[in-house]
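Colleague: Structure incoming, see below.
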Amino acid sequence: MAQPPVLLETQALTRSFGGLTAVDNLDFVVRKDEIVSLIGPNGAGKSTVFNLISGIYPPTAGRILFKGVNIAGLKPDRVERQGIARTFQTLRLFANMTVLENVLVGFHSRLKSNVIEDLIRPPWVARAERDAVEEARQLLRMLGQRLYTQQEFRAADLAYADRRLLELARAMASQPDLLMLDEPTAGMNPSEAADFMELIRRVHDRGFTILLIEHNLSVVMGVSQRITVLDYGLKISEGTPDEVRRDERVIEAYLGRKAATA
Amino acid sequence: MTNESLRHTLEEKQPLLEFRGVDTYYGSLHILKSVDYRVGEGEIVALLGANGAGKTTTMKTILGIVRPRSGQVLFEGKRIDGEQTGRIVEAGIAPVPEGRRVFPRLTVLDNLKMGAWTRKDGQVKQDMDRVYDLFPRLAERKNQQAGTLSGGEQQMLAIGRALMARPRLMIMDEPSMGLSPILTERVFDTVVEINKQGTTIFMVEQNAYMALQVAVRGYVLQTGEVVLADTAPNLLASDMVRKAYLGET
Amino acid sequence: MTLDVLISGVVLGSLYAIVALGYTMVYGIIELINFAHGDVFTLGAFISIPVIQAIISQNGSTPTLGQSIFAIGAAMVVAALCCAVVGVVIERVAYRRLRNAPRLAPLITAIGVSLIMENAMAQWQGGLPVFYPTALQPSSYTILGTTLTNTQILVILGALAMMLGLDMFVNRTTIGKAMRAVAQDREAASMMGINVNFIISLTFFVGSALAGAGAVLYGIDLGSLGYDSGFTLGLFAFTAAVLGGIGNIRGAMIGGLIIGILQEYVSGLGNGVGTEWYDTAIFSVLVLILVFRPSGILGTNTAEKV
Amino acid sequence: MTRLVFLVLALVIAVVWVARAVQVGVNRRLAGRLAAVWRTTGSAGGLLHKLAGSLRAVREVLGEDPWLSRLLLLLVLDVAVAYPVFDSSDVRVGTADQAEVFVLLALGLNIVVGFAGLLDLGYAAFFAIGAYTAALLASTHFSVGKHGSIVSNLLLSVGNGGIHFNFFALIPLAALVAAFFGILFGAPTLRLRGDYLAIVTLGFGEIVPKVVSNLGASNSLFLGRGNTLPVPNITNGVNNIVGIDKPPDVHIGPIHWTFQTNDPRPWYFLGVIIIVISIVMITRLRGSRLGRCWVAIREDEIAAAHAGVNITGARLTAFALGAAFSGFGGLLYATQLGTVSYDLFTFSVSVTILVMVILGGIGSVPGVIIGGIIVSYLNQSWLTTLSAWLNTQGGSFDHAWGPIGALGAWLHTVPLATAKPMIFGIILVLMMLLRPQGLIPERRRAREFRPETEQEAQEELEELYTLRTGEI
């Protein structure tokens with residue numbers, strides 16, 4: 001069986017802060033239509049990997065190939081326009097914008113208008129805006145009736161779990177080739193987390209490739225097709241959930257021997 | 001231990017730290033919802049919970065950085081909510097903050113001195129020696145900038161810095177965060193050692209397994225509410241903790 | 001560049017450095033460009049005028065060296081204390097309440113405070129430049145084949161003493177270290193029981209005191225000043241702070257010297273043409289630095305942790 | 001006759017408005033809200049809060065029906081256009097002419113400060129650039145060739161009589177030139193944190209008048225080692241450029257405008273037209289994709305970048321647009337006065353415009369218009385009038401007993417008119433401390449000034465292109 005094409009590939013990706021190497025010579029691959037998870041203890045470098053890919057800071061060394069093009073060192077907006085969207089571990093919503101406006105910002109790179117058009121708003125721009133609003137509403141509806149009915153609410157006034165959903169909606173709005181989710185269930189209780197994972201599966205079924213950082217192991221094991229385990233910036237294991245779960249080094253570094261045998 | 005005997009042991013000991021129905025808010029956001037904790041003298045107590053459950057807010061409330069809107073925080077039976085942080089530290093509570101938060105461009109020695117900021121007695125030197133005894137590594141690097149230390153060394157420094165306040169109660173926020181398993185184990189060993197020397201410890205941890213290994217009792221916090229309070233072994237055995245915090249299915 | 005230009009550049013640069021210290025300390029601790037700082041400086045100069053006049057009669061008689069030293073010392077102390085108090089009050093009234101507000105807010109109040117101070121001084125001293133009283137009988141010495149006036153020596157020594165003192169204070173004393181701790185991590189510092197408000201007030205106190213004392217040296221060196229002298233001077237001093245690496249005390253000193261020398265060099269160019277272009281030149285330095293090395297000469301550029 | 005037309009129009013609009021208001025039941029809802037406001041903010045609030053709350057209630061209720069706001073706008077427009085018809089004083093209408101220029105400037109600065117959240121302290125530089133564009137391209141200043149004119153048509157004539165662009169051709173030209181300089185000044189610094197922009201623009205604001213004065217006849221550029229190059233007379237240096245062209249006469253239907261120095265009315269109408277067009281464009285801009293970007297950047301720079309927003313680009317555009325509107329202002333100003341000089345564009349002008357925006361309400365279009373009118377009138381007439389009034393009042397009892405006499409003596413000489421910077425400074429400080437959202441707040445901006453959670457406050461302070469120091 002031919003494997004699906006490689007979408008994202010890091011080659012010897014390295015980043016150090018001062019004397020500390022947060023990500024060390026990391027190679028990993030995400031193929032089209034996969035759900036891949038990055039796991040590891042806090043501070044293992046998972047978030048740094050996300051920040052490197054999404055362009056918050058450039059790598060110290062190494063390459064990040066996306067659809068065969070090296071995107072290492074590009075600024076976040078350029079990365080986004082290449083087709084990568086992400087969410088954040090600590091939610092980053094536009095608190096004083098409405099739910100709908102938040103999603104519309106996600107449409108930014110798909111809407112085209114120049115300054116003059118923004119100043120005089122010719123009919124074709126108005127039409128494109130209307131279409132975007134319509135599509136944004138559909139997106140919200142797909143993610144749940146509650147978000148849809150609250151579309152005129154201020155983002156800051158949403159319940160916590162809904163804010164997580166909204167951030168997901170904003171990321172999906174640009175129809176990215178790769179969706180990166182940074183601990184999407186952080187701060188949720190186990191049942192909320194389970195619901196959210198169900199949703200992620202549905203999002204995946206709609207044709208999104210997903211790269212996930214997750215802490216909640218039951219969630220990760222259930223949803224991922226492949227898992228990369230990081231510790232101290234180094235990749236210590238890689239494989240299917242079952243392979244990873246049995247890997248001695250993962251038990252040692254992450255699951256904990258005692259926990260694994262308990 | 002049954003629940004009844006647990007209650008018994010709790011009532012026997014005069015709690016060193018106590019939360020009585022504490023509610024805190026950020027603006028209109030309700031963070032801690034009528035929370036009760038009791039930390040007995042000499043105990044290690046663990047506080048478990050997911051991100052955003054209110055663990056860090058608990059720490060900040062103890063230190064007076066966040067003020068409860070209702071409820072009381074008592075230390076040795078006296079109310080400390082509403083006090084200045086400086087007074088609270090002086091009273092004998094020292095924090096090991098989340099993410100270590102050492103002062104990166106101060107030397108190790110100066111970081112330790114900052115920990116002793118509220119001390120007015122002349123015995124700072126002895127405590128410094130004690131910290132160096134506990135962490136010989138810090139003694140070797142005392143003139144180095146803290147930002148150049150490794151993660152594990154920074155955690156030692158953060159603990160050492162807290163010890164410099166000569167606290168009765170040390171509150172630790174995620175001491176294992178970002179550390180490799182071996183280092184985590186070493187940190188927990190140190191925690192036990194410090195506790196043996198007479199410091200009470202209240203600890204927030206994500207690594208539930210490790211925390212409950214060293215703690216006598218624990219609380220589970222979920223979206224601002226205490227949903228479980230029990231002895232460590234009972235918590236380790238509880239379905240909920242096993243599912244949510246130990247990653248078992 | 002002749003040695004003369006270099007020396008007068010160093011003299012001017014020392015003055016810039018002193019003012020730059022105030023900007024850099026405040027920026028280091030609360031990340032605010034304290035626009036009013038230059039005006040605090042001017043205030044210091046005005047306050048010191050009657051002090052000097054009281055000690056040295058200005059009717060043409062020559063002051064003795066002892067009189068001069070006493071007058072200058074007293075003027076510096078009075079100006080430093082007054083400015084320090086004004087600086088602390090400004091922080092307390094105009095900036096503290098806005099510490100958690102959007103960044104625009106304290107920046108705007110800072111401009112407001114600057115306007116208020118400038119206009120108050122204009123009402124007090126008038127719109128024309130004011131002559132600074134003679135505190136020192138001019139004399140000059142020839143050292144290594146070049147001429148140095150006693151004023152120049154005074155400015156360089158005075159500035160050097162202040163900068164060394166500040167460096168010692170910040171790096172050697174416990175309270176200076178607490179100041180650095182607050183700058184590095186305000187919340188962690190408060191967890192140690194350090195009173196952050198007090199430390200911030202102290203920062204304003206020290207920075208403004210330096211400006212006040214420096215203003216006396218400025219007055220003696222330049223001989224006159226106007227109500228708005230501090231405005232341009234503040235702009236140049238801020239450039240010096242950015243050039244050296246904002247937040248960095250030693251950087252402010254180096255930056256100040258470079259800007260001072262640059263100004264004197266450009267001013268001396270092209271038969272008087274340079275005097276019309278030196279501010280453009282200094283300002284170009286600010287822009288170039290911001291474009292090519294925003295962290296300055298000694299600063300470290302650390303990426304935001306997300 | 002004309003007066004009657006305006007009166008009837010106002011009456012008709014008012015009647016339609018009332019009818020509509022009754023139809024949608026405004027009175028009942030408004031009464032309910034007002035009652036609620038006056039009850040709930042009772043003891044704690046104080047009168048000021050009650051008034052602010054009432055104003056908010058009125059705005060909210062009226063905002064619920066778009067037609068009510070539109071009719072109200074029509075009424076305002078009717079009054080604005082009618083004003084010079086009813087006021088027979090040329091001096092007062094002339095003051096209004098200048099206020100229009102400042103309203104235009106405030107609207108432009110609001111794009112930069114209000115929409116994009118960038119503090120521009122050298123805004124007057126673009127005003128200057130607009131004015132000098134007019135002065136250089138529509139006056140006798142540049143004489144080209146030796147005899148007669150080289151080019152001569154409706155839009156442009158060039159020759160030994162100078163370069164003369166038609167006023168209407170200059171409108172886009174002045175905007176473009178100012179926008180170009182906006183990009184030139186903004187590009188180096190917009191990558192950096194906002195407060196650096198403030199200081200750099202402040203510097204540009206100082207430098208531009210200096211450069212303008214240096215590029216006059218008697219000056220030279222140095223070329224190192226004592227060699228100097230005489231500068232051609234570009235700007236007339238410290239001397240004014242005089243004789244700037246007036247706009248061509250306009251005769252359309254019943255409208256006959258001849259632009260003369262001694263008749264302020266045609267200028268007034270021209271200003272109204274330019275302002276109305278500007279408001280329409282600026283409102284559209286705010287609701288556009290770009291306007292949304294600016295809000296997003298203000299709210300969370302990092303998240304905005306990850307949604308594909310080019311932060312530097314969006315800011316630069318704001319800066320250029322702001323400069324362009326300032327360019328209009330400069331053009332209008334220069335042609336009104338017929339003369340420009342380098343010192344018309346100093347820091348104090350930049351501050352004046354900033355005060356208009358802050359006082360009226362950062363980001364709020366009606367707010368900055370009101371702010372612009374208030375500050376402009378304060379600046380031009382109210383302060384002088386008030387000062388004179390206070391002085392005479394003081395003079396009437398300055399020989400009275402003790403402290404009363406002292407007060408009188410002080411009032412007799414109180415120099416309010418020269419204390420403008422102080423008054424502006426006080427306005428800035430008090431507004432930021434007490435009412436940062438301004439007199440007529442923009443809803444979203446008002447919320448931003450009081451972040452609700454610690455995280456919101458924190459995010460507000462995080463920027464992508466940042467330079468954290470944490471050093472002393």
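Residue numbering restarts at 1 in every chain; chains get A, B, ... in the order shown in the structure tokens, and ligands count up from 1 in that same order.
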With the cut-off set at 12 Å and counting only C-alpha atoms, tabulate each residue of segment 162-241 of chain C with an atom at most that distance from an atom of segment 26-48 of chain C, showing the nearest atom pair and its distance in Å to one decimal, ordered by chain and increasing number, as JSON lines.
Modeller:
```
{"residue": "C:Ala178", "atom": "CA", "partner": "C:Ile29", "partner_atom": "CA", "distance": 11.1}
{"residue": "C:Met179", "atom": "CA", "partner": "C:Ile29", "partner_atom": "CA", "distance": 7.8}
{"residue": "C:Arg180", "atom": "CA", "partner": "C:Ile29", "partner_atom": "CA", "distance": 7.9}
{"residue": "C:Ala181", "atom": "CA", "partner": "C:Ile29", "partner_atom": "CA", "distance": 9.3}
{"residue": "C:Val182", "atom": "CA", "partner": "C:Ile29", "partner_atom": "CA", "distance": 6.8}
{"residue": "C:Ala183", "atom": "CA", "partner": "C:Ile29", "partner_atom": "CA", "distance": 4.3}
{"residue": "C:Gln184", "atom": "CA", "partner": "C:Ile29", "partner_atom": "CA", "distance": 7.8}
{"residue": "C:Asp185", "atom": "CA", "partner": "C:Ile29", "partner_atom": "CA", "distance": 9.3}
{"residue": "C:Arg186", "atom": "CA", "partner": "C:Ile29", "partner_atom": "CA", "distance": 8.4}
{"residue": "C:Ala189", "atom": "CA", "partner": "C:Ile29", "partner_atom": "CA", "distance": 11.9}
{"residue": "C:Val196", "atom": "CA", "partner": "C:Ile29", "partner_atom": "CA", "distance": 10.0}
{"residue": "C:Asn197", "atom": "CA", "partner": "C:Ile30", "partner_atom": "CA", "distance": 10.8}
{"residue": "C:Ile199", "atom": "CA", "partner": "C:Ile29", "partner_atom": "CA", "distance": 9.1}
{"residue": "C:Ile200", "atom": "CA", "partner": "C:Ile29", "partner_atom": "CA", "distance": 7.0}
{"residue": "C:Ser201", "atom": "CA", "partner": "C:Val26", "partner_atom": "CA", "distance": 9.8}
{"residue": "C:Leu202", "atom": "CA", "partner": "C:Val26", "partner_atom": "CA", "distance": 10.1}
{"residue": "C:Thr203", "atom": "CA", "partner": "C:Val26", "partner_atom": "CA", "distance": 6.6}
{"residue": "C:Phe204", "atom": "CA", "partner": "C:Val26", "partner_atom": "CA", "distance": 6.7}
{"residue": "C:Phe205", "atom": "CA", "partner": "C:Val26", "partner_atom": "CA", "distance": 10.2}
{"residue": "C:Val206", "atom": "CA", "partner": "C:Val26", "partner_atom": "CA", "distance": 9.9}
{"residue": "C:Gly207", "atom": "CA", "partner": "C:Val26", "partner_atom": "CA", "distance": 7.6}
{"residue": "C:Ser208", "atom": "CA", "partner": "C:Val40", "partner_atom": "CA", "distance": 6.8}
{"residue": "C:Ala209", "atom": "CA", "partner": "C:Gly44", "partner_atom": "CA", "distance": 8.7}
{"residue": "C:Leu210", "atom": "CA", "partner": "C:Phe41", "partner_atom": "CA", "distance": 8.6}
{"residue": "C:Ala211", "atom": "CA", "partner": "C:Phe41", "partner_atom": "CA", "distance": 4.9}
{"residue": "C:Gly212", "atom": "CA", "partner": "C:Gly44", "partner_atom": "CA", "distance": 4.3}
{"residue": "C:Ala213", "atom": "CA", "partner": "C:Gly44", "partner_atom": "CA", "distance": 7.1}
{"residue": "C:Gly214", "atom": "CA", "partner": "C:Phe41", "partner_atom": "CA", "distance": 7.6}
{"residue": "C:Ala215", "atom": "CA", "partner": "C:Ala45", "partner_atom": "CA", "distance": 4.8}
{"residue": "C:Val216", "atom": "CA", "partner": "C:Ala45", "partner_atom": "CA", "distance": 5.4}
{"residue": "C:Leu217", "atom": "CA", "partner": "C:Ala45", "partner_atom": "CA", "distance": 8.6}
{"residue": "C:Tyr218", "atom": "CA", "partner": "C:Ala45", "partner_atom": "CA", "distance": 7.7}
{"residue": "C:Gly219", "atom": "CA", "partner": "C:Ala45", "partner_atom": "CA", "distance": 6.3}
{"residue": "C:Ile220", "atom": "CA", "partner": "C:Ala45", "partner_atom": "CA", "distance": 9.4}
{"residue": "C:Asp221", "atom": "CA", "partner": "C:Ala45", "partner_atom": "CA", "distance": 11.6}
{"residue": "C:Leu222", "atom": "CA", "partner": "C:Ala45", "partner_atom": "CA", "distance": 11.2}
{"residue": "C:Gly223", "atom": "CA", "partner": "C:Ala45", "partner_atom": "CA", "distance": 10.7}
{"residue": "C:Ser224", "atom": "CA", "partner": "C:Ala45", "partner_atom": "CA", "distance": 9.6}
{"residue": "C:Leu225", "atom": "CA", "partner": "C:Thr42", "partner_atom": "CA", "distance": 8.0}
{"residue": "C:Gly226", "atom": "CA", "partner": "C:Thr42", "partner_atom": "CA", "distance": 8.0}
{"residue": "C:Tyr227", "atom": "CA", "partner": "C:Thr42", "partner_atom": "CA", "distance": 6.7}
{"residue": "C:Asp228", "atom": "CA", "partner": "C:Asp39", "partner_atom": "CA", "distance": 7.4}
{"residue": "C:Ser229", "atom": "CA", "partner": "C:Thr42", "partner_atom": "CA", "distance": 6.5}
{"residue": "C:Gly230", "atom": "CA", "partner": "C:Gly38", "partner_atom": "CA", "distance": 4.3}
{"residue": "C:Phe231", "atom": "CA", "partner": "C:Gly38", "partner_atom": "CA", "distance": 5.5}
{"residue": "C:Thr232", "atom": "CA", "partner": "C:Gly38", "partner_atom": "CA", "distance": 7.9}
{"residue": "C:Leu233", "atom": "CA", "partner": "C:Gly38", "partner_atom": "CA", "distance": 6.5}
{"residue": "C:Gly234", "atom": "CA", "partner": "C:Gly38", "partner_atom": "CA", "distance": 4.4}
{"residue": "C:Leu235", "atom": "CA", "partner": "C:Gly38", "partner_atom": "CA", "distance": 7.8}
{"residue": "C:Phe236", "atom": "CA", "partner": "C:Gly38", "partner_atom": "CA", "distance": 9.7}
{"residue": "C:Ala237", "atom": "CA", "partner": "C:Gly38", "partner_atom": "CA", "distance": 8.4}
{"residue": "C:Phe238", "atom": "CA", "partner": "C:Ile33", "partner_atom": "CA", "distance": 8.5}
{"residue": "C:Thr239", "atom": "CA", "partner": "C:Ile33", "partner_atom": "CA", "distance": 11.5}
{"residue": "C:Ala241", "atom": "CA", "partner": "C:Tyr27", "partner_atom": "CA", "distance": 9.7}
```
Colleague: Could you take the residues named above and write them with C-alpha atoms, as a PDB file, in the first residue's frame?
Modeller:
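This went into again_2.pdb:
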```pdb
ATOM      1  CA  ALA C 178      16.209  43.781  44.479  1.00  0.00           C
ATOM      2  CA  MET C 179      15.726  46.492  41.870  1.00  0.00           C
ATOM      3  CA  ARG C 180      17.242  44.249  39.246  1.00  0.00           C
ATOM      4  CA  ALA C 181      15.166  41.354  40.495  1.00  0.00           C
ATOM      5  CA  VAL C 182      11.977  43.397  40.058  1.00  0.00           C
ATOM      6  CA  ALA C 183      13.073  44.352  36.553  1.00  0.00           C
ATOM      7  CA  GLN C 184      13.722  40.738  35.635  1.00  0.00           C
ATOM      8  CA  ASP C 185      10.595  39.182  37.075  1.00  0.00           C
ATOM      9  CA  ARG C 186       8.199  41.443  38.891  1.00  0.00           C
ATOM     10  CA  ALA C 189      10.148  39.343  43.165  1.00  0.00           C
ATOM     11  CA  VAL C 196       7.433  46.124  44.176  1.00  0.00           C
ATOM     12  CA  ASN C 197       5.765  49.529  44.474  1.00  0.00           C
ATOM     13  CA  ILE C 199      11.212  49.492  44.426  1.00  0.00           C
ATOM     14  CA  ILE C 200       9.608  51.209  41.452  1.00  0.00           C
ATOM     15  CA  SER C 201       9.323  54.439  43.430  1.00  0.00           C
ATOM     16  CA  LEU C 202      12.959  54.066  44.368  1.00  0.00           C
ATOM     17  CA  THR C 203      13.890  53.678  40.721  1.00  0.00           C
ATOM     18  CA  PHE C 204      12.169  56.930  39.892  1.00  0.00           C
ATOM     19  CA  PHE C 205      13.810  58.530  42.928  1.00  0.00           C
ATOM     20  CA  VAL C 206      17.308  57.552  41.880  1.00  0.00           C
ATOM     21  CA  GLY C 207      16.855  58.269  38.179  1.00  0.00           C
ATOM     22  CA  SER C 208      15.361  61.696  38.824  1.00  0.00           C
ATOM     23  CA  ALA C 209      17.987  62.545  41.441  1.00  0.00           C
ATOM     24  CA  LEU C 210      20.704  61.833  38.911  1.00  0.00           C
ATOM     25  CA  ALA C 211      18.954  64.070  36.405  1.00  0.00           C
ATOM     26  CA  GLY C 212      18.741  66.867  38.981  1.00  0.00           C
ATOM     27  CA  ALA C 213      22.401  66.649  39.899  1.00  0.00           C
ATOM     28  CA  GLY C 214      23.397  66.323  36.264  1.00  0.00           C
ATOM     29  CA  ALA C 215      21.383  69.429  35.432  1.00  0.00           C
ATOM     30  CA  VAL C 216      23.677  71.512  37.646  1.00  0.00           C
ATOM     31  CA  LEU C 217      26.680  70.303  35.677  1.00  0.00           C
ATOM     32  CA  TYR C 218      24.800  71.073  32.465  1.00  0.00           C
ATOM     33  CA  GLY C 219      24.018  74.599  33.625  1.00  0.00           C
ATOM     34  CA  ILE C 220      27.604  75.296  34.580  1.00  0.00           C
ATOM     35  CA  ASP C 221      28.905  73.845  31.322  1.00  0.00           C
ATOM     36  CA  LEU C 222      26.489  75.511  28.904  1.00  0.00           C
ATOM     37  CA  GLY C 223      25.842  78.713  30.829  1.00  0.00           C
ATOM     38  CA  SER C 224      22.181  79.084  29.900  1.00  0.00           C
ATOM     39  CA  LEU C 225      19.047  77.068  29.382  1.00  0.00           C
ATOM     40  CA  GLY C 226      15.416  77.449  28.410  1.00  0.00           C
ATOM     41  CA  TYR C 227      12.216  75.904  29.703  1.00  0.00           C
ATOM     42  CA  ASP C 228      12.261  73.410  26.836  1.00  0.00           C
ATOM     43  CA  SER C 229      15.960  72.497  26.910  1.00  0.00           C
ATOM     44  CA  GLY C 230      15.140  69.161  28.472  1.00  0.00           C
ATOM     45  CA  PHE C 231      12.909  68.169  25.604  1.00  0.00           C
ATOM     46  CA  THR C 232      15.546  67.874  22.890  1.00  0.00           C
ATOM     47  CA  LEU C 233      18.130  66.814  25.408  1.00  0.00           C
ATOM     48  CA  GLY C 234      15.790  64.069  26.565  1.00  0.00           C
ATOM     49  CA  LEU C 235      15.306  62.915  22.999  1.00  0.00           C
ATOM     50  CA  PHE C 236      19.058  62.690  22.479  1.00  0.00           C
ATOM     51  CA  ALA C 237      19.545  60.978  25.820  1.00  0.00           C
ATOM     52  CA  PHE C 238      16.871  58.471  24.936  1.00  0.00           C
ATOM     53  CA  THR C 239      18.694  57.839  21.673  1.00  0.00           C
ATOM     54  CA  ALA C 241      19.910  54.774  25.950  1.00  0.00           C
TER      55      ALA C 241
END
```
Colleague: Given only C-alpha atoms, how would the per-residue table for chain C near chain D read, listing every residue at most 6 Å away with its closest atom pair and distance in Å to one decimal, sorted by chain and number, as a tab-separated table?
Modeller:
```
residue	atom	partner	partner_atom	distance
C:Met25	CA	D:Ile472	CA	5.9
C:Gly28	CA	D:Glu471	CA	5.3
C:Ala105	CA	D:Met432	CA	6.0
C:Thr109	CA	D:Val429	CA	4.6
C:Gly112	CA	D:Gly425	CA	3.8
C:Leu115	CA	D:Gly425	CA	5.1
C:Ile116	CA	D:Met422	CA	4.3
C:Asn119	CA	D:Met422	CA	5.4
C:Arg180	CA	D:Ile472	CA	5.4
C:Ala183	CA	D:Gly470	CA	4.6
C:Gln184	CA	D:Gly470	CA	4.1
C:Gly247	CA	D:Glu471	CA	5.1
C:Asn248	CA	D:Ile472	CA	5.4
C:Gly270	CA	D:Gly226	CA	4.1
C:Val291	CA	D:Pro188	CA	5.5
```
Colleague: Given the selection you just returned, output its residues as a file containing all heavy atoms, formatted as a CSV table (one decimal), in the first residue's frame.
Modeller:
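File produced: out_20.csv:
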```
chain,number,residue,atom,x,y,z
C,25,MET,N,16.7,53.2,33.3
C,25,MET,CA,16.3,52.5,34.6
C,25,MET,C,14.8,52.4,34.6
C,25,MET,O,14.2,51.3,34.9
C,25,MET,CB,16.7,53.3,35.8
C,25,MET,CG,18.2,53.3,36.1
C,25,MET,SD,18.7,54.4,37.4
C,25,MET,CE,18.0,53.6,38.8
C,28,GLY,N,13.7,49.9,32.1
C,28,GLY,CA,14.1,48.5,32.5
C,28,GLY,C,13.1,48.0,33.5
C,28,GLY,O,12.7,46.8,33.5
C,105,ALA,N,-1.7,53.9,27.2
C,105,ALA,CA,-2.2,54.8,28.3
C,105,ALA,C,-1.1,55.5,29.1
C,105,ALA,O,-1.1,56.7,29.1
C,105,ALA,CB,-3.2,54.1,29.2
C,109,THR,N,-0.1,59.6,29.2
C,109,THR,CA,0.0,60.4,30.4
C,109,THR,C,1.4,61.0,30.5
C,109,THR,O,1.6,62.1,31.0
C,109,THR,CB,-0.3,59.7,31.7
C,109,THR,OG1,0.4,58.5,31.7
C,109,THR,CG2,-1.7,59.4,31.9
C,112,GLY,N,1.6,64.0,28.6
C,112,GLY,CA,0.8,65.0,29.3
C,112,GLY,C,1.6,65.6,30.4
C,112,GLY,O,1.7,66.8,30.5
C,115,LEU,N,4.2,67.9,29.0
C,115,LEU,CA,3.6,69.2,28.6
C,115,LEU,C,3.4,70.1,29.8
C,115,LEU,O,3.7,71.3,29.8
C,115,LEU,CB,2.3,69.0,27.9
C,115,LEU,CG,2.4,68.4,26.5
C,115,LEU,CD1,1.0,68.1,26.0
C,115,LEU,CD2,3.1,69.4,25.5
C,116,ILE,N,2.8,69.5,30.9
C,116,ILE,CA,2.4,70.3,32.0
C,116,ILE,C,3.7,70.9,32.6
C,116,ILE,O,3.8,72.1,32.9
C,116,ILE,CB,1.7,69.4,33.1
C,116,ILE,CG1,0.4,69.0,32.6
C,116,ILE,CG2,1.6,70.2,34.4
C,116,ILE,CD1,-0.3,67.9,33.4
C,119,ASN,N,5.2,73.7,30.4
C,119,ASN,CA,4.5,75.0,30.4
C,119,ASN,C,4.6,75.7,31.8
C,119,ASN,O,4.7,76.9,31.9
C,119,ASN,CB,3.1,74.7,30.1
C,119,ASN,CG,2.4,76.0,29.7
C,119,ASN,OD1,1.5,76.5,30.4
C,119,ASN,ND2,2.8,76.6,28.6
C,180,ARG,N,17.0,45.1,40.5
C,180,ARG,CA,17.2,44.2,39.2
C,180,ARG,C,16.3,43.1,39.2
C,180,ARG,O,15.8,42.7,38.2
C,180,ARG,CB,18.7,43.8,39.2
C,180,ARG,CG,19.7,45.0,38.9
C,180,ARG,CD,21.1,44.6,39.1
C,180,ARG,NE,21.5,43.5,38.2
C,180,ARG,CZ,22.5,42.6,38.4
C,180,ARG,NH1,23.1,42.7,39.6
C,180,ARG,NH2,22.8,41.7,37.6
C,183,ALA,N,13.0,44.1,38.0
C,183,ALA,CA,13.1,44.4,36.6
C,183,ALA,C,13.0,43.0,35.8
C,183,ALA,O,12.4,42.9,34.8
C,183,ALA,CB,14.3,45.1,36.2
C,184,GLN,N,13.7,42.0,36.3
C,184,GLN,CA,13.7,40.7,35.6
C,184,GLN,C,12.4,39.9,35.8
C,184,GLN,O,12.0,39.3,34.8
C,184,GLN,CB,14.9,39.9,36.2
C,184,GLN,CG,16.2,40.5,35.7
C,184,GLN,CD,17.4,39.8,36.4
C,184,GLN,OE1,17.3,38.7,36.9
C,184,GLN,NE2,18.5,40.5,36.5
C,247,GLY,N,17.6,49.7,29.0
C,247,GLY,CA,17.6,48.9,30.2
C,247,GLY,C,19.0,48.6,30.8
C,247,GLY,O,19.1,48.1,31.9
C,248,ASN,N,20.0,48.9,30.0
C,248,ASN,CA,21.3,48.5,30.4
C,248,ASN,C,22.1,49.8,30.9
C,248,ASN,O,22.3,50.7,30.1
C,248,ASN,CB,22.0,47.9,29.2
C,248,ASN,CG,23.4,47.3,29.6
C,248,ASN,OD1,24.2,47.9,30.2
C,248,ASN,ND2,23.5,46.0,29.2
C,270,GLY,N,32.1,71.5,8.1
C,270,GLY,CA,31.7,72.3,7.0
C,270,GLY,C,31.4,73.8,7.4
C,270,GLY,O,30.3,74.3,7.0
C,291,VAL,N,16.7,49.9,13.3
C,291,VAL,CA,16.5,49.0,12.2
C,291,VAL,C,17.5,47.8,12.3
C,291,VAL,O,17.1,46.7,12.1
C,291,VAL,CB,16.7,49.8,10.9
C,291,VAL,CG1,16.7,48.8,9.7
C,291,VAL,CG2,15.6,50.8,10.7
```
Colleague: From a DSSP calculation on the backbone, collect every residue of segment 19-227 of chain B in strand (DSSP E) and output the set as a PyMOL selection string.
Modeller: chain B and resi 19-26+29-40+44-49+70-75+78-79+93-96+169-173+200-205+217-222+225-227
